[in-house]
Amino acid sequence: MLRTTGAQRGPLIERVALAGLERADRAANRLYGDRFNPLYQSGTIVVFLYVVLAVTGLWLVLFYRVGSPWESVAAITADRWVGNWVRGVHRYASDLAVVFTLLHAWRMFAQGRSRGARAHAWLSGWVLMLLVYACAWTGFVMVWDTFGEQLALAGARMIDALPVLSEPTGRAFTGEQPLPSAFFFLNLFAHIGIPLALAVVFLFHVKRLQRPALLPPVPVRWVLGAGLLGVALLRPIAMVARANPLALPRHVPMDLFFAFWVPVARVMSGGTALMLAIGLVAVAAGLPWLRRHRREGRPAPSWVDEDVCVGCVQCSIDCPFGAITMVERTSRRSELVARVDPDLCVSCGVCAGSCGPMGVGPPGRTGRDQMAATREFVSGLGADVPQAVVIACAYGAGRHAGSTIAGATIVPIDCCGNLHTSVVETILRVGVGGVLVAACPARDCRNREGPRWLVERMYQSREARLQPRVDRRRVAVVHVEARDRARLEAAVAGFIAELPRVDAAAATSPTVEEGLCESALAQR
Amino acid sequence: MTARWIRALPGAAVALVGLAAVLWASHAPVRIHDSNDALLRLAWSARPERAETCRQLSDDELAKVPPHMRQPVVCVGAAARYRLTVTLDRRLVADEVVHAGGLRQDRWLYVFKELRVPASAADVEIRFERVPEGTSPAPGRQPGSADGAGGEAIPPVLVAAGRLDFVPGTVTLVTYDSRTRQLRTGS
């Protein structure tokens, strides 16, 4: 019925990643519900952890001494009341940040949110990741225990492979002379300076998002904070042996999140290790471009019919990516007209759902296109009117399109935020018992705000709102993830089961429009 | 209706398992060296001698250059190279040529080499010898003398020989002592 772009099938590696992600989402939703599923919050959790790192780091830096690095950290660790758990929270928060960063990257890649207009966020994300690793490297080296020493040696071997410095940096760690405190000062300076650079790059990372969600829901923050504190108290950080350049430690306790590469780099030359690292990062960052999508297959950006646009600014507000701006125009139709920036538009179609006059949207998916398709659909029904129609997001439950569940026809749409509410009204007017919209979980929308705007258009007064004359009892929105067919079936069955009661109630109590008419007639 | 806290138990259990995995990975013991490993580390830096070819300019050649550039003797040269050889119980374990640092090889030379050795006593000979280049030092300059700012150049031959006891789990460090102008060992 409604035109879709086929949810843009990506290359094989993307599809495999998506299949794994959906399975993980399903399991996590069963455990935590979609509102608190940590996999949906991966990006905001990383930001929260960075805040924790900044706060605990600021405390730790007050007691760190560049002249006696190991001793000062030992003193912090020996302080059971505060220092030990602050150091523990700092350490474990950094580890968790790596975990959730990787989960976030997995989701962005698997869901195709790393290409096109969103490529800059993908690339800036990799810059952030590299900065985090550089910051962590300086942080561990600052302690100058055997682990820090191994990191320093491994890093020096890679740097010495570059034909830049005449003196090998590894000579600083030979034991010929004690390390000058300037070395630790440099590390401290970098450890504080890199997070400032992180903040700047992060602003660039989110600059194309309207209303970016920066922090997870409050309950998630509490659980994370309490979890970090609990782990830091139950498994306090212990001091590792002081670095000794003239000793060969047999085992060194390493933080594998940041030092997984050290055992690998040790068995090869510094140059080889450096080339391998650069190559792997380049391949990982360039994954979205491994197989370029053909240009003709990419969805076209939205366009504005300036003869229809009334300058209401709703599409500009609703666009999740800030691709629509209002500009002045000379005609008398309205002072403002919407203009789409094709470089920013990801063709989600949310603008089409926001426009009452149906003057904006991606080609083939504007409000008018949706109405044309809907009229064609309902005219084809004839006498065979289904009990219910399910309109489902193509990225989610819409993959069951073409089948029927409990007698309801499933119709896919690219994003539920693209759905124009007039489609719902038109379907109900031909006698369909009810319309159920199966949206993706609110925190897992590919286009960020589709489910949120849909709910506000259906039940509140956000334009283009579902008209008050439509019986809300015949409309429902459910949030169903892609692989949860059981939940979709249960939601559809439950919705259809309620319809006879709605029919009975409608027969005795009028709708809003009918009530207004009767009231007007009574006053005559 | 199951109590809320009971429904939260599976999620909490998974979270705890995840945290336990994070804890293990945060302190994972990684084997770096075998228990019988010992290391011989050669690390020093010094100013190399300068091998120059000097010649006297003729009166005609001097007349061609501006008055403020008329130097009677012109020397062209480069920093000397040195061959580093290490033998262990008369077995050659390292043989390489070390040249001065920098793109133009006109900086100090830096020796930094690590050799895994059996943890036992061994006869060690370390030679650091200037590679003959077929050039002569500038008139008035003696080999091994100061070549400008930065102190004395390294002697043309440095030898450290003797029986060393390589203790497992330790590094035996060989460096250059600029005061005695000799190699010295320590651990």
# chains A, B, ... in the order shown; residues from 1 in each chain; ligands from 1
$ residues_around --residues "stretch 154-167 of chain A" --least-positions-apart "3" --cutoff "12 Å" --atoms "only C-alpha atoms" --output "PyMOL selection string"
(chain A and resi 133-134+137-138+141+147-151+170-174+259-278) or (chain B and resi 32+43-46+99-113)
$ select_by_dssp --residues "stretch 9-167 of chain B" --states "strand (DSSP E or B)" --output "PyMOL selection string"
chain B and resi 28-31+37-47+50-56+73-79+82-88+91-98+109-118+121-130+153+157-165
$ write_last_selection --atoms "C-alpha atoms" --output "short mmCIF file (atom, residue, chain, number, x, y, z; two decimals), in the first residue's frame"
data_model
loop_
_atom_site.label_atom_id
_atom_site.label_comp_id
_atom_site.auth_asym_id
_atom_site.auth_seq_id
_atom_site.Cartn_x
_atom_site.Cartn_y
_atom_site.Cartn_z
CA ALA B 28 43.86 -10.04 33.34
CA PRO B 29 47.30 -11.51 34.04
CA VAL B 30 49.28 -11.53 30.82
CA ARG B 31 52.49 -13.46 30.53
CA ASP B 37 64.37 -15.12 30.39
CA ALA B 38 67.31 -12.81 30.79
CA LEU B 39 68.09 -9.76 28.73
CA LEU B 40 71.27 -8.06 27.63
CA ARG B 41 70.49 -4.43 26.93
CA LEU B 42 72.91 -2.16 25.14
CA ALA B 43 71.94 1.48 25.48
CA TRP B 44 74.11 4.53 25.07
CA SER B 45 74.34 7.75 23.19
CA ALA B 46 77.44 9.63 22.19
CA ARG B 47 78.77 12.11 19.71
CA ARG B 50 83.57 13.23 12.15
CA ALA B 51 85.30 11.78 9.13
CA GLU B 52 86.33 14.60 6.87
CA THR B 53 88.21 15.09 3.68
CA CYS B 54 90.06 18.36 3.65
CA ARG B 55 91.92 20.11 0.90
CA GLN B 56 93.72 23.34 0.41
CA VAL B 73 91.01 24.86 3.82
CA VAL B 74 87.67 23.30 2.93
CA CYS B 75 86.57 20.14 4.73
CA VAL B 76 83.72 17.92 3.62
CA GLY B 77 82.70 15.05 5.74
CA ALA B 78 80.15 13.07 7.61
CA ALA B 79 79.70 11.51 10.99
CA TYR B 82 80.39 2.25 13.95
CA ARG B 83 80.08 -1.49 13.85
CA LEU B 84 78.50 -3.09 16.88
CA THR B 85 79.24 -6.78 17.41
CA VAL B 86 78.27 -8.92 20.35
CA THR B 87 79.58 -12.41 20.89
CA LEU B 88 78.33 -14.78 23.52
CA ARG B 91 79.12 -17.09 19.10
CA LEU B 92 78.19 -13.98 17.16
CA VAL B 93 74.73 -12.85 18.29
CA ALA B 94 74.64 -9.31 16.95
CA ASP B 95 76.42 -7.54 14.13
CA GLU B 96 75.14 -4.26 12.85
CA VAL B 97 76.31 -0.86 11.74
CA VAL B 98 75.16 2.12 13.76
CA LEU B 109 74.39 8.29 17.58
CA TYR B 110 72.12 6.17 19.68
CA VAL B 111 72.64 2.54 20.45
CA PHE B 112 69.61 0.66 21.70
CA LYS B 113 69.62 -3.09 21.37
CA GLU B 114 68.12 -5.85 23.45
CA LEU B 115 69.21 -9.46 23.19
CA ARG B 116 67.54 -12.41 24.86
CA VAL B 117 70.22 -14.56 26.42
CA PRO B 118 70.20 -17.82 28.35
CA ALA B 121 77.10 -17.27 33.00
CA ALA B 122 78.66 -16.58 29.63
CA ASP B 123 81.72 -15.01 28.11
CA VAL B 124 80.59 -11.79 26.51
CA GLU B 125 82.46 -9.49 24.20
CA ILE B 126 80.94 -6.25 23.01
CA ARG B 127 82.85 -4.29 20.40
CA PHE B 128 81.89 -0.91 19.14
CA GLU B 129 84.35 0.00 16.44
CA ARG B 130 84.50 2.79 13.97
CA ALA B 153 83.50 12.28 20.46
CA VAL B 157 87.07 1.51 19.56
CA LEU B 158 85.11 0.51 22.61
CA VAL B 159 85.35 -3.00 23.96
CA ALA B 160 83.70 -4.61 26.93
CA ALA B 161 84.65 -8.23 27.50
CA GLY B 162 84.33 -10.56 30.40
CA ARG B 163 82.28 -13.22 32.02
CA LEU B 164 78.77 -12.08 32.88
CA ASP B 165 76.29 -13.93 35.00
#
$ closest_residue --among "B:Ala12, B:Ala25, B:Ala80, B:Val17" --to "chain A" --atoms "only C-alpha atoms"
B:Ala25
$ select_by_dssp --residues "stretch 87-294 of chain A" --states "alpha helix (DSSP H)" --output "PyMOL selection string"
chain A and resi 87-110+119-143+146-160+181-206+218-234+256-259+262-266+270-285
$ atom_distance --atom1 "atom CA of B:Thr172" --atom2 "atom CA of A:Ala182"
26.2 Å
